[in-house]
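Asker: Let me give you the structure first, and then I'll get to my questions.
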Amino acid sequence: DAAGALSVGYQVVDDLADVQRDTQSGVLNVMSVLQRAGQGAGAYALARQFGLEHLERAIALAGELPRESGALLIELSLKLRLLLLVIID
């Protein structure tokens with residue numbers, strides 16, 4: 001479902017944007033989960049790829065909705081995708 005994929009993608013973007021603050025305050029996020037799972041230095045790249053995959057899925061699924069009802073989901077997913085590709089690094 002498009003909204004579910006978008007929500008996961010959004011959470012990854014949020015977690016990566018807040019990783020230092022979350023780490024300092026002990027808040028659990030995707031990075032801390034991956035690092036505890038043994039991903040170490042590869043956690044960032046893995047989280048980014050996970051977020052991109054979910055956003056791509058959201059775009060594809062929203063595009064299948066009738067009467068362009070998924071247009072806003074697509075727009076938001078594209079903006080979040082851009083954040084993962086360009087801004088968050």
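Please note that chains go A, B, ... in the order of the structure tokens, that every chain numbers its residues from 1, and that ligands are numbered from 1 in the order shown.
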Give me the residues near Leu46 of chain A as a tab-separated table (two decimals) with all heavy atoms, in the first residue's frame, where near means some atom within 12 Å (using only C-alpha atoms) and where sequence neighbours in that chain fewer than 3 positions away do not count.

Answerer:
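Saved file part.tsv follows:
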chain	number	residue	atom	x	y	z
A	12	VAL	N	12.61	6.88	7.65
A	12	VAL	CA	14.04	6.74	7.39
A	12	VAL	C	14.66	8.13	7.17
A	12	VAL	O	15.72	8.43	7.73
A	12	VAL	CB	14.30	5.81	6.19
A	12	VAL	CG1	15.77	5.87	5.77
A	12	VAL	CG2	13.89	4.38	6.52
A	16	LEU	N	17.54	9.65	9.61
A	16	LEU	CA	18.85	10.04	9.12
A	16	LEU	C	19.12	11.52	9.37
A	16	LEU	O	20.25	11.90	9.66
A	16	LEU	CB	19.01	9.69	7.64
A	16	LEU	CG	19.06	8.20	7.32
A	16	LEU	CD1	19.15	7.98	5.83
A	16	LEU	CD2	20.19	7.51	8.05
A	30	VAL	N	16.45	4.08	13.03
A	30	VAL	CA	16.89	3.05	12.09
A	30	VAL	C	18.40	2.83	12.15
A	30	VAL	O	18.88	1.71	12.02
A	30	VAL	CB	16.42	3.38	10.65
A	30	VAL	CG1	17.12	4.60	10.09
A	30	VAL	CG2	16.59	2.19	9.73
A	31	MET	N	19.16	3.90	12.36
A	31	MET	CA	20.62	3.76	12.44
A	31	MET	C	21.04	2.93	13.65
A	31	MET	O	21.87	2.04	13.53
A	31	MET	CB	21.27	5.14	12.50
A	31	MET	CG	21.20	5.90	11.20
A	31	MET	SD	22.22	5.14	9.93
A	31	MET	CE	23.84	5.46	10.62
A	33	VAL	N	19.29	0.74	15.26
A	33	VAL	CA	18.84	-0.64	15.06
A	33	VAL	C	19.82	-1.39	14.16
A	33	VAL	O	20.23	-2.52	14.45
A	33	VAL	CB	17.41	-0.68	14.49
A	33	VAL	CG1	17.03	-2.09	14.05
A	33	VAL	CG2	16.42	-0.16	15.52
A	34	LEU	N	20.20	-0.76	13.04
A	34	LEU	CA	21.12	-1.41	12.10
A	34	LEU	C	22.50	-1.60	12.71
A	34	LEU	O	23.14	-2.63	12.50
A	34	LEU	CB	21.20	-0.61	10.80
A	34	LEU	CG	19.94	-0.64	9.94
A	34	LEU	CD1	20.05	0.34	8.78
A	34	LEU	CD2	19.67	-2.05	9.42
A	35	GLN	N	22.96	-0.61	13.46
A	35	GLN	CA	24.27	-0.75	14.09
A	35	GLN	C	24.27	-1.86	15.13
A	35	GLN	O	25.21	-2.64	15.21
A	35	GLN	CB	24.70	0.59	14.69
A	35	GLN	CG	25.08	1.59	13.62
A	35	GLN	CD	25.29	2.99	14.15
A	35	GLN	OE1	24.82	3.35	15.22
A	35	GLN	NE2	26.00	3.80	13.39
A	37	ALA	N	22.49	-4.41	14.98
A	37	ALA	CA	22.35	-5.66	14.24
A	37	ALA	C	23.66	-6.05	13.54
A	37	ALA	O	23.70	-7.02	12.79
A	37	ALA	CB	21.23	-5.54	13.20
A	38	GLY	N	24.71	-5.27	13.80
A	38	GLY	CA	26.01	-5.63	13.26
A	38	GLY	C	26.38	-4.97	11.95
A	38	GLY	O	27.37	-5.35	11.33
A	39	GLN	N	25.63	-3.98	11.50
A	39	GLN	CA	25.93	-3.33	10.23
A	39	GLN	C	27.06	-2.31	10.32
A	39	GLN	O	27.66	-1.98	9.33
A	39	GLN	CB	24.66	-2.67	9.65
A	39	GLN	CG	23.60	-3.66	9.25
A	39	GLN	CD	24.10	-4.66	8.23
A	39	GLN	OE1	24.78	-4.32	7.27
A	39	GLN	NE2	23.78	-5.92	8.44
A	40	GLY	N	27.32	-1.81	11.50
A	40	GLY	CA	28.45	-0.89	11.72
A	40	GLY	C	28.47	0.26	10.73
A	40	GLY	O	27.51	0.99	10.58
A	41	ALA	N	29.62	0.42	10.06
A	41	ALA	CA	29.81	1.54	9.14
A	41	ALA	C	28.86	1.50	7.94
A	41	ALA	O	28.60	2.51	7.32
A	41	ALA	CB	31.25	1.56	8.65
A	42	GLY	N	28.32	0.34	7.64
A	42	GLY	CA	27.41	0.22	6.50
A	42	GLY	C	25.97	0.56	6.83
A	42	GLY	O	25.10	0.54	5.96
A	43	ALA	N	25.71	0.93	8.08
A	43	ALA	CA	24.33	1.20	8.51
A	43	ALA	C	23.71	2.36	7.75
A	43	ALA	O	22.54	2.30	7.35
A	43	ALA	CB	24.28	1.47	10.01
A	49	GLN	N	19.31	3.09	1.43
A	49	GLN	CA	18.76	2.21	0.40
A	49	GLN	C	17.37	1.72	0.78
A	49	GLN	O	16.47	1.67	-0.05
A	49	GLN	CB	19.70	1.03	0.15
A	49	GLN	CG	19.27	0.14	-0.99
A	49	GLN	CD	19.16	0.88	-2.32
A	49	GLN	OE1	19.98	1.75	-2.63
A	49	GLN	NE2	18.15	0.56	-3.10
A	50	PHE	N	17.18	1.37	2.04
A	50	PHE	CA	15.88	0.92	2.54
A	50	PHE	C	14.84	2.02	2.34
A	50	PHE	O	13.72	1.75	1.88
A	50	PHE	CB	16.04	0.56	4.02
A	50	PHE	CG	14.82	-0.02	4.66
A	50	PHE	CD1	14.39	-1.29	4.35
A	50	PHE	CD2	14.12	0.71	5.61
A	50	PHE	CE1	13.27	-1.83	4.96
A	50	PHE	CE2	13.00	0.18	6.23
A	50	PHE	CZ	12.57	-1.10	5.90
A	51	GLY	N	15.19	3.25	2.69
A	51	GLY	CA	14.27	4.37	2.50
A	51	GLY	C	13.95	4.60	1.04
A	51	GLY	O	12.78	4.81	0.67
A	52	LEU	N	14.97	4.56	0.19
A	52	LEU	CA	14.75	4.76	-1.25
A	52	LEU	C	13.84	3.69	-1.83
A	52	LEU	O	12.95	3.98	-2.64
A	52	LEU	CB	16.09	4.78	-2.00
A	52	LEU	CG	16.94	6.02	-1.81
A	52	LEU	CD1	18.33	5.80	-2.41
A	52	LEU	CD2	16.27	7.24	-2.41
A	53	GLU	N	14.05	2.45	-1.44
A	53	GLU	CA	13.21	1.36	-1.94
A	53	GLU	C	11.75	1.56	-1.55
A	53	GLU	O	10.84	1.34	-2.37
A	53	GLU	CB	13.71	0.01	-1.41
A	53	GLU	CG	15.01	-0.42	-2.04
A	53	GLU	CD	15.61	-1.65	-1.37
A	53	GLU	OE1	14.99	-2.23	-0.45
A	53	GLU	OE2	16.74	-2.02	-1.77
A	84	LEU	N	16.92	12.08	0.33
A	84	LEU	CA	17.81	10.94	0.53
A	84	LEU	C	18.95	10.93	-0.48
A	84	LEU	O	20.08	10.55	-0.16
A	84	LEU	CB	17.03	9.63	0.45
A	84	LEU	CG	16.26	9.22	1.68
A	84	LEU	CD1	15.49	7.93	1.42
A	84	LEU	CD2	17.16	9.06	2.88

Asker: Per DSSP on the backbone, filter chain A down to the residues in alpha helix (DSSP H) and report them as number ranges by chain.

Answerer: A: 2-17, 19-25, 30-36, 43-63, 71-82

Asker: Out of A:Asp15, A:Leu28, A:Leu80, A:Asp22, which residue has the shortest atom-to-atom distance to His54 of chain A when counting only C-alpha atoms?

Answerer: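 So, comparing all the options, the nearest one is A:Leu80.
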
Asker: Quick one: residues within 12 Å of segment 4-7 of chain A, only C-alpha atoms, excluding same-chain residues fewer than 3 positions away - as a PDB file with all heavy atoms, in the first residue's frame?

Answerer:
ATOM      1  N   ASP A   1       0.837  -1.177   0.000  1.00  0.00           N
ATOM      2  CA  ASP A   1       0.000   0.000   0.000  1.00  0.00           C
ATOM      3  C   ASP A   1       0.886   1.246   0.000  1.00  0.00           C
ATOM      4  O   ASP A   1       1.901   1.310   0.684  1.00  0.00           O
ATOM      5  CB  ASP A   1      -1.010  -0.126   1.138  1.00  0.00           C
ATOM      6  CG  ASP A   1      -0.779   0.617   2.412  1.00  0.00           C
ATOM      7  OD1 ASP A   1       0.144   0.287   3.164  1.00  0.00           O
ATOM      8  OD2 ASP A   1      -1.581   1.516   2.645  1.00  0.00           O
ATOM      9  N   TYR A  10       9.462   7.994   4.867  1.00  0.00           N
ATOM     10  CA  TYR A  10       9.520   9.227   5.650  1.00  0.00           C
ATOM     11  C   TYR A  10      10.287   9.012   6.948  1.00  0.00           C
ATOM     12  O   TYR A  10      11.115   9.837   7.337  1.00  0.00           O
ATOM     13  CB  TYR A  10       8.108   9.737   5.966  1.00  0.00           C
ATOM     14  CG  TYR A  10       8.137  10.857   6.977  1.00  0.00           C
ATOM     15  CD1 TYR A  10       8.374  12.160   6.563  1.00  0.00           C
ATOM     16  CD2 TYR A  10       7.994  10.600   8.333  1.00  0.00           C
ATOM     17  CE1 TYR A  10       8.446  13.185   7.492  1.00  0.00           C
ATOM     18  CE2 TYR A  10       8.065  11.619   9.266  1.00  0.00           C
ATOM     19  CZ  TYR A  10       8.293  12.917   8.837  1.00  0.00           C
ATOM     20  OH  TYR A  10       8.374  13.917   9.768  1.00  0.00           O
ATOM     21  N   GLN A  11      10.016   7.912   7.624  1.00  0.00           N
ATOM     22  CA  GLN A  11      10.672   7.651   8.903  1.00  0.00           C
ATOM     23  C   GLN A  11      12.179   7.509   8.738  1.00  0.00           C
ATOM     24  O   GLN A  11      12.950   7.974   9.573  1.00  0.00           O
ATOM     25  CB  GLN A  11      10.086   6.416   9.582  1.00  0.00           C
ATOM     26  CG  GLN A  11      10.556   6.252  11.005  1.00  0.00           C
ATOM     27  CD  GLN A  11      10.170   7.443  11.876  1.00  0.00           C
ATOM     28  OE1 GLN A  11       9.007   7.806  11.954  1.00  0.00           O
ATOM     29  NE2 GLN A  11      11.144   8.050  12.523  1.00  0.00           N
ATOM     30  N   VAL A  12      12.606   6.881   7.649  1.00  0.00           N
ATOM     31  CA  VAL A  12      14.042   6.743   7.391  1.00  0.00           C
ATOM     32  C   VAL A  12      14.661   8.127   7.172  1.00  0.00           C
ATOM     33  O   VAL A  12      15.721   8.431   7.727  1.00  0.00           O
ATOM     34  CB  VAL A  12      14.303   5.812   6.186  1.00  0.00           C
ATOM     35  CG1 VAL A  12      15.769   5.868   5.773  1.00  0.00           C
ATOM     36  CG2 VAL A  12      13.890   4.383   6.517  1.00  0.00           C
ATOM     37  N   VAL A  13      14.005   8.967   6.374  1.00  0.00           N
ATOM     38  CA  VAL A  13      14.509  10.326   6.144  1.00  0.00           C
ATOM     39  C   VAL A  13      14.625  11.067   7.477  1.00  0.00           C
ATOM     40  O   VAL A  13      15.641  11.689   7.769  1.00  0.00           O
ATOM     41  CB  VAL A  13      13.594  11.099   5.165  1.00  0.00           C
ATOM     42  CG1 VAL A  13      13.982  12.577   5.115  1.00  0.00           C
ATOM     43  CG2 VAL A  13      13.652  10.492   3.780  1.00  0.00           C
ATOM     44  N   ASP A  14      13.592  10.986   8.284  1.00  0.00           N
ATOM     45  CA  ASP A  14      13.584  11.658   9.587  1.00  0.00           C
ATOM     46  C   ASP A  14      14.702  11.128  10.481  1.00  0.00           C
ATOM     47  O   ASP A  14      15.415  11.901  11.121  1.00  0.00           O
ATOM     48  CB  ASP A  14      12.223  11.477  10.249  1.00  0.00           C
ATOM     49  CG  ASP A  14      12.125  12.202  11.571  1.00  0.00           C
ATOM     50  OD1 ASP A  14      12.182  13.447  11.576  1.00  0.00           O
ATOM     51  OD2 ASP A  14      12.020  11.521  12.615  1.00  0.00           O
ATOM     52  N   PHE A  50      17.182   1.371   2.035  1.00  0.00           N
ATOM     53  CA  PHE A  50      15.884   0.916   2.539  1.00  0.00           C
ATOM     54  C   PHE A  50      14.836   2.016   2.339  1.00  0.00           C
ATOM     55  O   PHE A  50      13.724   1.752   1.878  1.00  0.00           O
ATOM     56  CB  PHE A  50      16.042   0.561   4.024  1.00  0.00           C
ATOM     57  CG  PHE A  50      14.821  -0.023   4.662  1.00  0.00           C
ATOM     58  CD1 PHE A  50      14.385  -1.294   4.350  1.00  0.00           C
ATOM     59  CD2 PHE A  50      14.115   0.705   5.610  1.00  0.00           C
ATOM     60  CE1 PHE A  50      13.265  -1.834   4.963  1.00  0.00           C
ATOM     61  CE2 PHE A  50      12.999   0.180   6.230  1.00  0.00           C
ATOM     62  CZ  PHE A  50      12.568  -1.096   5.903  1.00  0.00           C
ATOM     63  N   GLY A  51      15.190   3.249   2.685  1.00  0.00           N
ATOM     64  CA  GLY A  51      14.271   4.371   2.500  1.00  0.00           C
ATOM     65  C   GLY A  51      13.953   4.600   1.037  1.00  0.00           C
ATOM     66  O   GLY A  51      12.782   4.811   0.668  1.00  0.00           O
ATOM     67  N   LEU A  52      14.974   4.561   0.186  1.00  0.00           N
ATOM     68  CA  LEU A  52      14.748   4.757  -1.254  1.00  0.00           C
ATOM     69  C   LEU A  52      13.841   3.686  -1.835  1.00  0.00           C
ATOM     70  O   LEU A  52      12.954   3.983  -2.641  1.00  0.00           O
ATOM     71  CB  LEU A  52      16.087   4.775  -2.003  1.00  0.00           C
ATOM     72  CG  LEU A  52      16.943   6.017  -1.808  1.00  0.00           C
ATOM     73  CD1 LEU A  52      18.333   5.805  -2.407  1.00  0.00           C
ATOM     74  CD2 LEU A  52      16.267   7.243  -2.410  1.00  0.00           C
ATOM     75  N   GLU A  53      14.050   2.449  -1.435  1.00  0.00           N
ATOM     76  CA  GLU A  53      13.211   1.357  -1.937  1.00  0.00           C
ATOM     77  C   GLU A  53      11.749   1.565  -1.552  1.00  0.00           C
ATOM     78  O   GLU A  53      10.844   1.344  -2.371  1.00  0.00           O
ATOM     79  CB  GLU A  53      13.711   0.012  -1.406  1.00  0.00           C
ATOM     80  CG  GLU A  53      15.013  -0.424  -2.040  1.00  0.00           C
ATOM     81  CD  GLU A  53      15.610  -1.647  -1.375  1.00  0.00           C
ATOM     82  OE1 GLU A  53      14.986  -2.228  -0.453  1.00  0.00           O
ATOM     83  OE2 GLU A  53      16.736  -2.023  -1.772  1.00  0.00           O
ATOM     84  N   HIS A  54      11.508   1.998  -0.337  1.00  0.00           N
ATOM     85  CA  HIS A  54      10.126   2.223   0.098  1.00  0.00           C
ATOM     86  C   HIS A  54       9.501   3.421  -0.602  1.00  0.00           C
ATOM     87  O   HIS A  54       8.322   3.390  -0.963  1.00  0.00           O
ATOM     88  CB  HIS A  54      10.059   2.357   1.617  1.00  0.00           C
ATOM     89  CG  HIS A  54      10.029   1.032   2.293  1.00  0.00           C
ATOM     90  ND1 HIS A  54      11.172   0.300   2.521  1.00  0.00           N
ATOM     91  CD2 HIS A  54       9.002   0.297   2.744  1.00  0.00           C
ATOM     92  CE1 HIS A  54      10.838  -0.840   3.097  1.00  0.00           C
ATOM     93  NE2 HIS A  54       9.529  -0.867   3.245  1.00  0.00           N
ATOM     94  N   LEU A  55      10.279   4.461  -0.827  1.00  0.00           N
ATOM     95  CA  LEU A  55       9.742   5.619  -1.530  1.00  0.00           C
ATOM     96  C   LEU A  55       9.455   5.288  -2.994  1.00  0.00           C
ATOM     97  O   LEU A  55       8.441   5.737  -3.549  1.00  0.00           O
ATOM     98  CB  LEU A  55      10.693   6.813  -1.402  1.00  0.00           C
ATOM     99  CG  LEU A  55      10.792   7.371   0.018  1.00  0.00           C
ATOM    100  CD1 LEU A  55      11.928   8.372   0.119  1.00  0.00           C
ATOM    101  CD2 LEU A  55       9.471   7.978   0.463  1.00  0.00           C
ATOM    102  N   GLU A  56      10.301   4.506  -3.620  1.00  0.00           N
ATOM    103  CA  GLU A  56      10.044   4.070  -5.005  1.00  0.00           C
ATOM    104  C   GLU A  56       8.775   3.224  -5.062  1.00  0.00           C
ATOM    105  O   GLU A  56       7.977   3.348  -5.996  1.00  0.00           O
ATOM    106  CB  GLU A  56      11.237   3.287  -5.561  1.00  0.00           C
ATOM    107  CG  GLU A  56      12.487   4.104  -5.762  1.00  0.00           C
ATOM    108  CD  GLU A  56      12.351   5.163  -6.851  1.00  0.00           C
ATOM    109  OE1 GLU A  56      11.493   5.038  -7.738  1.00  0.00           O
ATOM    110  OE2 GLU A  56      13.122   6.138  -6.801  1.00  0.00           O
ATOM    111  N   ARG A  57       8.613   2.382  -4.078  1.00  0.00           N
ATOM    112  CA  ARG A  57       7.393   1.554  -4.017  1.00  0.00           C
ATOM    113  C   ARG A  57       6.163   2.436  -3.830  1.00  0.00           C
ATOM    114  O   ARG A  57       5.129   2.223  -4.464  1.00  0.00           O
ATOM    115  CB  ARG A  57       7.506   0.548  -2.880  1.00  0.00           C
ATOM    116  CG  ARG A  57       6.307  -0.354  -2.709  1.00  0.00           C
ATOM    117  CD  ARG A  57       6.608  -1.499  -1.745  1.00  0.00           C
ATOM    118  NE  ARG A  57       5.407  -2.138  -1.274  1.00  0.00           N
ATOM    119  CZ  ARG A  57       4.663  -2.980  -1.966  1.00  0.00           C
ATOM    120  NH1 ARG A  57       5.004  -3.274  -3.203  1.00  0.00           N
ATOM    121  NH2 ARG A  57       3.582  -3.534  -1.443  1.00  0.00           N
ATOM    122  N   ALA A  58       6.267   3.444  -2.980  1.00  0.00           N
ATOM    123  CA  ALA A  58       5.144   4.370  -2.770  1.00  0.00           C
ATOM    124  C   ALA A  58       4.783   5.080  -4.061  1.00  0.00           C
ATOM    125  O   ALA A  58       3.598   5.223  -4.391  1.00  0.00           O
ATOM    126  CB  ALA A  58       5.502   5.388  -1.682  1.00  0.00           C
ATOM    127  N   ILE A  59       5.793   5.512  -4.806  1.00  0.00           N
ATOM    128  CA  ILE A  59       5.554   6.201  -6.076  1.00  0.00           C
ATOM    129  C   ILE A  59       4.841   5.276  -7.057  1.00  0.00           C
ATOM    130  O   ILE A  59       3.859   5.660  -7.693  1.00  0.00           O
ATOM    131  CB  ILE A  59       6.880   6.723  -6.667  1.00  0.00           C
ATOM    132  CG1 ILE A  59       7.425   7.852  -5.783  1.00  0.00           C
ATOM    133  CG2 ILE A  59       6.703   7.180  -8.110  1.00  0.00           C
ATOM    134  CD1 ILE A  59       8.872   8.211  -6.050  1.00  0.00           C
ATOM    135  N   ALA A  60       5.330   4.046  -7.159  1.00  0.00           N
ATOM    136  CA  ALA A  60       4.727   3.084  -8.098  1.00  0.00           C
ATOM    137  C   ALA A  60       3.285   2.762  -7.715  1.00  0.00           C
ATOM    138  O   ALA A  60       2.389   2.775  -8.569  1.00  0.00           O
ATOM    139  CB  ALA A  60       5.561   1.812  -8.148  1.00  0.00           C
ATOM    140  N   LEU A  61       3.057   2.491  -6.454  1.00  0.00           N
ATOM    141  CA  LEU A  61       1.709   2.130  -6.010  1.00  0.00           C
ATOM    142  C   LEU A  61       0.742   3.309  -6.106  1.00  0.00           C
ATOM    143  O   LEU A  61      -0.414   3.139  -6.498  1.00  0.00           O
ATOM    144  CB  LEU A  61       1.741   1.583  -4.585  1.00  0.00           C
ATOM    145  CG  LEU A  61       2.420   0.228  -4.417  1.00  0.00           C
ATOM    146  CD1 LEU A  61       2.574  -0.106  -2.940  1.00  0.00           C
ATOM    147  CD2 LEU A  61       1.648  -0.855  -5.148  1.00  0.00           C
ATOM    148  N   ALA A  62       1.212   4.493  -5.751  1.00  0.00           N
ATOM    149  CA  ALA A  62       0.347   5.675  -5.832  1.00  0.00           C
ATOM    150  C   ALA A  62      -0.015   5.984  -7.279  1.00  0.00           C
ATOM    151  O   ALA A  62      -1.119   6.465  -7.565  1.00  0.00           O
ATOM    152  CB  ALA A  62       1.030   6.875  -5.189  1.00  0.00           C
ATOM    153  N   GLY A  70      -3.510   9.445  -6.214  1.00  0.00           N
ATOM    154  CA  GLY A  70      -2.232   9.288  -5.532  1.00  0.00           C
ATOM    155  C   GLY A  70      -1.229  10.385  -5.847  1.00  0.00           C
ATOM    156  O   GLY A  70      -0.078  10.306  -5.450  1.00  0.00           O
ATOM    157  N   LEU A  72      -0.675  13.415  -4.697  1.00  0.00           N
ATOM    158  CA  LEU A  72       0.001  14.027  -3.547  1.00  0.00           C
ATOM    159  C   LEU A  72       0.988  13.067  -2.884  1.00  0.00           C
ATOM    160  O   LEU A  72       2.054  13.482  -2.419  1.00  0.00           O
ATOM    161  CB  LEU A  72      -1.013  14.538  -2.531  1.00  0.00           C
ATOM    162  CG  LEU A  72      -1.825  15.754  -2.980  1.00  0.00           C
ATOM    163  CD1 LEU A  72      -2.880  16.098  -1.937  1.00  0.00           C
ATOM    164  CD2 LEU A  72      -0.929  16.938  -3.249  1.00  0.00           C
ATOM    165  N   LEU A  73       0.635  11.792  -2.852  1.00  0.00           N
ATOM    166  CA  LEU A  73       1.571  10.792  -2.328  1.00  0.00           C
ATOM    167  C   LEU A  73       2.827  10.730  -3.184  1.00  0.00           C
ATOM    168  O   LEU A  73       3.947  10.635  -2.666  1.00  0.00           O
ATOM    169  CB  LEU A  73       0.918   9.413  -2.270  1.00  0.00           C
ATOM    170  CG  LEU A  73      -0.145   9.187  -1.211  1.00  0.00           C
ATOM    171  CD1 LEU A  73      -0.813   7.833  -1.417  1.00  0.00           C
ATOM    172  CD2 LEU A  73       0.453   9.263   0.170  1.00  0.00           C
ATOM    173  N   ILE A  74       2.635  10.800  -4.490  1.00  0.00           N
ATOM    174  CA  ILE A  74       3.773  10.781  -5.413  1.00  0.00           C
ATOM    175  C   ILE A  74       4.637  12.022  -5.198  1.00  0.00           C
ATOM    176  O   ILE A  74       5.863  11.932  -5.108  1.00  0.00           O
ATOM    177  CB  ILE A  74       3.301  10.689  -6.878  1.00  0.00           C
ATOM    178  CG1 ILE A  74       2.672   9.320  -7.136  1.00  0.00           C
ATOM    179  CG2 ILE A  74       4.456  10.948  -7.840  1.00  0.00           C
ATOM    180  CD1 ILE A  74       1.965   9.198  -8.476  1.00  0.00           C
ATOM    181  N   GLU A  75       4.008  13.182  -5.099  1.00  0.00           N
ATOM    182  CA  GLU A  75       4.742  14.428  -4.907  1.00  0.00           C
ATOM    183  C   GLU A  75       5.581  14.386  -3.629  1.00  0.00           C
ATOM    184  O   GLU A  75       6.763  14.737  -3.627  1.00  0.00           O
ATOM    185  CB  GLU A  75       3.765  15.602  -4.861  1.00  0.00           C
ATOM    186  CG  GLU A  75       4.425  16.943  -4.700  1.00  0.00           C
ATOM    187  CD  GLU A  75       3.425  18.079  -4.634  1.00  0.00           C
ATOM    188  OE1 GLU A  75       2.274  17.918  -5.063  1.00  0.00           O
ATOM    189  OE2 GLU A  75       3.820  19.149  -4.136  1.00  0.00           O
ATOM    190  N   LEU A  76       4.992  13.964  -2.544  1.00  0.00           N
ATOM    191  CA  LEU A  76       5.720  13.886  -1.274  1.00  0.00           C
ATOM    192  C   LEU A  76       6.829  12.842  -1.338  1.00  0.00           C
ATOM    193  O   LEU A  76       7.947  13.074  -0.868  1.00  0.00           O
ATOM    194  CB  LEU A  76       4.762  13.580  -0.120  1.00  0.00           C
ATOM    195  CG  LEU A  76       5.383  13.515   1.271  1.00  0.00           C
ATOM    196  CD1 LEU A  76       6.158  14.784   1.599  1.00  0.00           C
ATOM    197  CD2 LEU A  76       4.318  13.259   2.311  1.00  0.00           C
ATOM    198  N   SER A  77       6.548  11.704  -1.942  1.00  0.00           N
ATOM    199  CA  SER A  77       7.563  10.655  -2.072  1.00  0.00           C
ATOM    200  C   SER A  77       8.752  11.141  -2.895  1.00  0.00           C
ATOM    201  O   SER A  77       9.907  10.838  -2.562  1.00  0.00           O
ATOM    202  CB  SER A  77       6.961   9.407  -2.722  1.00  0.00           C
ATOM    203  OG  SER A  77       5.976   8.842  -1.897  1.00  0.00           O
ATOM    204  N   LEU A  78       8.500  11.882  -3.951  1.00  0.00           N
ATOM    205  CA  LEU A  78       9.582  12.419  -4.776  1.00  0.00           C
ATOM    206  C   LEU A  78      10.431  13.425  -3.990  1.00  0.00           C
ATOM    207  O   LEU A  78      11.660  13.441  -4.117  1.00  0.00           O
ATOM    208  CB  LEU A  78       9.024  13.064  -6.043  1.00  0.00           C
ATOM    209  CG  LEU A  78       8.490  12.094  -7.095  1.00  0.00           C
ATOM    210  CD1 LEU A  78       7.735  12.845  -8.179  1.00  0.00           C
ATOM    211  CD2 LEU A  78       9.607  11.249  -7.691  1.00  0.00           C
ATOM    212  N   LYS A  79       9.793  14.249  -3.179  1.00  0.00           N
ATOM    213  CA  LYS A  79      10.536  15.215  -2.363  1.00  0.00           C
ATOM    214  C   LYS A  79      11.414  14.496  -1.339  1.00  0.00           C
ATOM    215  O   LYS A  79      12.579  14.861  -1.141  1.00  0.00           O
ATOM    216  CB  LYS A  79       9.581  16.167  -1.655  1.00  0.00           C
ATOM    217  CG  LYS A  79       8.948  17.170  -2.586  1.00  0.00           C
ATOM    218  CD  LYS A  79       7.976  18.074  -1.857  1.00  0.00           C
ATOM    219  CE  LYS A  79       7.336  19.056  -2.819  1.00  0.00           C
ATOM    220  NZ  LYS A  79       6.378  19.944  -2.149  1.00  0.00           N
ATOM    221  N   LEU A  80      10.864  13.483  -0.706  1.00  0.00           N
ATOM    222  CA  LEU A  80      11.633  12.719   0.279  1.00  0.00           C
ATOM    223  C   LEU A  80      12.777  11.964  -0.388  1.00  0.00           C
ATOM    224  O   LEU A  80      13.875  11.867   0.157  1.00  0.00           O
ATOM    225  CB  LEU A  80      10.717  11.766   1.039  1.00  0.00           C
ATOM    226  CG  LEU A  80       9.711  12.434   1.964  1.00  0.00           C
ATOM    227  CD1 LEU A  80       8.694  11.415   2.476  1.00  0.00           C
ATOM    228  CD2 LEU A  80      10.409  13.121   3.120  1.00  0.00           C
ATOM    229  N   ARG A  81      12.510  11.435  -1.569  1.00  0.00           N
ATOM    230  CA  ARG A  81      13.538  10.720  -2.330  1.00  0.00           C
ATOM    231  C   ARG A  81      14.700  11.656  -2.642  1.00  0.00           C
ATOM    232  O   ARG A  81      15.869  11.289  -2.513  1.00  0.00           O
ATOM    233  CB  ARG A  81      12.926  10.163  -3.612  1.00  0.00           C
ATOM    234  CG  ARG A  81      13.864   9.360  -4.460  1.00  0.00           C
ATOM    235  CD  ARG A  81      13.107   8.834  -5.694  1.00  0.00           C
ATOM    236  NE  ARG A  81      14.002   8.141  -6.565  1.00  0.00           N
ATOM    237  CZ  ARG A  81      14.728   8.735  -7.514  1.00  0.00           C
ATOM    238  NH1 ARG A  81      14.648  10.028  -7.697  1.00  0.00           N
ATOM    239  NH2 ARG A  81      15.533   8.024  -8.273  1.00  0.00           N
TER     240      ARG A  81
END

Asker: Rounded to one decimal place, report the atom CA of Ala47 of chain A-atom CA of Leu85 of chain A distance in Å.

Answerer: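 So the two atoms, atom CA of Ala47 of chain A and atom CA of Leu85 of chain A, lie 12.1 Å apart.
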
Asker: Between atom CA of Gly26 of chain A and atom CA of Val8 of chain A, what is the spacing in Å?

Answerer: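 Taking atom CA of Val8 of chain A and atom CA of Gly26 of chain A, their separation equals 20.7 Å.
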
Asker: Tell me, in Å to one decimal, how far atom CA of Asp18 of chain A is from atom CA of Arg36 of chain A.

Answerer: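 Between these atoms lies a distance of 17.6 Å.
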